[in-house]
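Coordinates as given in query.pdb (PDB, C-alpha atoms):
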ATOM      1  CA  MET Q   1     110.965 131.874 100.258
ATOM      2  CA  GLU Q   2     107.248 132.230  99.808
ATOM      3  CA  ASP Q   3     107.081 128.806  98.149
ATOM      4  CA  TYR Q   4     108.692 127.271 101.232
ATOM      5  CA  TRP Q   5     105.997 128.647 103.530
ATOM      6  CA  LEU Q   6     103.181 127.722 101.156
ATOM      7  CA  ARG Q   7     104.500 124.155 101.000
ATOM      8  CA  ALA Q   8     104.764 124.058 104.795
ATOM      9  CA  LEU Q   9     101.168 125.262 105.150
ATOM     10  CA  ASP Q  10      99.966 122.724 102.600
ATOM     11  CA  ASP Q  11     101.887 119.910 104.324
ATOM     12  CA  GLY Q  12     100.321 120.893 107.638
ATOM     13  CA  ARG Q  13      96.838 120.962 106.137
ATOM     14  CA  GLN Q  14      97.327 117.519 104.582
ATOM     15  CA  ALA Q  15      98.643 116.107 107.859
ATOM     16  CA  GLU Q  16      95.611 117.447 109.693
ATOM     17  CA  GLU Q  17      93.242 115.910 107.131
ATOM     18  CA  ARG Q  18      94.984 112.541 107.425
ATOM     19  CA  ALA Q  19      94.907 112.758 111.211
ATOM     20  CA  LYS Q  20      91.174 113.456 111.222
ATOM     21  CA  ALA Q  21      90.574 110.526 108.868
ATOM     22  CA  LEU Q  22      92.657 108.206 111.067
ATOM     23  CA  ARG Q  23      90.872 109.409 114.193
ATOM     24  CA  ALA Q  24      87.493 108.785 112.544
ATOM     25  CA  ARG Q  25      88.526 105.317 111.392
ATOM     26  CA  PHE Q  26      90.453 104.003 114.402
ATOM     27  CA  GLY Q  27      89.274 106.191 117.281
ATOM     28  CA  ASP Q  28      91.584 106.267 120.295
ATOM     29  CA  ALA Q  29      93.845 103.593 118.765
ATOM     30  CA  ALA Q  30      94.861 105.979 115.956
ATOM     31  CA  GLU Q  31      97.843 107.396 117.871
ATOM     32  CA  ALA Q  32      99.161 103.940 118.755
ATOM     33  CA  ARG Q  33      98.838 102.753 115.151
ATOM     34  CA  CYS Q  34     100.586 105.867 113.864
ATOM     35  CA  ARG Q  35     103.362 105.513 116.464
ATOM     36  CA  ALA Q  36     103.917 101.876 115.453
ATOM     37  CA  GLU Q  37     104.105 102.827 111.783
ATOM     38  CA  LEU Q  38     106.518 105.651 112.599
ATOM     39  CA  GLN Q  39     108.847 103.243 114.393
ATOM     40  CA  SER Q  40     108.806 100.847 111.446
ATOM     41  CA  PHE Q  41     110.540 103.382 109.162
ATOM     42  CA  ALA Q  42     114.286 103.935 109.052
ATOM     43  CA  ASP Q  43     115.567 107.265 110.358
ATOM     44  CA  ARG Q  44     116.371 108.558 106.872
ATOM     45  CA  ASP Q  45     113.199 107.315 105.185
ATOM     46  CA  PRO Q  46     111.375 110.298 103.608
ATOM     47  CA  ARG Q  47     107.994 108.843 104.594
ATOM     48  CA  ARG Q  48     108.966 109.184 108.247
ATOM     49  CA  ARG Q  49     108.561 112.977 108.177
ATOM     50  CA  ARG Q  50     105.039 112.756 106.766
ATOM     51  CA  VAL Q  51     103.990 110.162 109.327
ATOM     52  CA  ALA Q  52     105.558 112.257 112.105
ATOM     53  CA  ASP Q  53     103.519 115.255 110.901
ATOM     54  CA  VAL Q  54     100.339 113.173 111.045
ATOM     55  CA  PHE Q  55     101.265 111.893 114.515
ATOM     56  CA  ARG Q  56     101.703 115.456 115.779
ATOM     57  CA  ALA Q  57      98.400 116.465 114.170
ATOM     58  CA  LEU Q  58      96.668 113.549 115.893
ATOM     59  CA  ARG Q  59      97.580 115.028 119.240
ATOM     60  CA  TRP Q  60      95.781 118.259 118.324
ATOM     61  CA  THR Q  61      92.654 116.757 116.765
TER      62      THR Q  61
END
Any chance you could give the structure as structure tokens?
Amino acid sequence: MEDYWLRALDDGRQAEERAKALRARFGDAAEARCRAELQSFADRDPRRRRVADVFRALRWT
């Protein structure tokens, strides 16, 4: 169970780092670019979860 939480914390940290990098690179357009990329993935695509995590982190950074 501990591994689950450690992975979740690490995933959150990575999403926040990616969000900060996107915000630095694209400014206010970062959320729109991330939203467009999120919509381009199929519902069951495993990359969708990572992009969704970054999108949520963008709202908090």
Original post:
Neighbours of range 16-22 of chain Q within 9 Å (only C-alpha atoms; same-chain residues fewer than 2 positions away dropped), as a VMD selection string?
Top reply: chain Q and resid 11 to 14 24 to 27 30 to 31 34 53 to 61
Original post:
So how many Å separate CA of Arg47 in chain Q and CA of Asp10 in chain Q, to one decimal?
Top reply: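 Pair CA of Arg47 in chain Q / CA of Asp10 in chain Q returns 16.2 Å.
Atom pair CA of Asp28 in chain Q / CA of Val51 in chain Q: separated by 17.0 Å.
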Subject >> Computed interatomic separation between CA of Phe41 in chain Q and CA of Tyr4 in chain Q (Å) >> reply: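 Distance between the two atoms: 25.2 Å.
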As AutoDock Vina command-line options, please report the centre and edge lengths, rounded to one decimal in Å, of the axis-aligned box that holds all listed atoms of range 46-53 of chain Q with 6 Å of padding on each of the six sides.
--center_x 107.4 --center_y 112.0 --center_z 107.9 --size_x 19.9 --size_y 18.4 --size_z 20.5
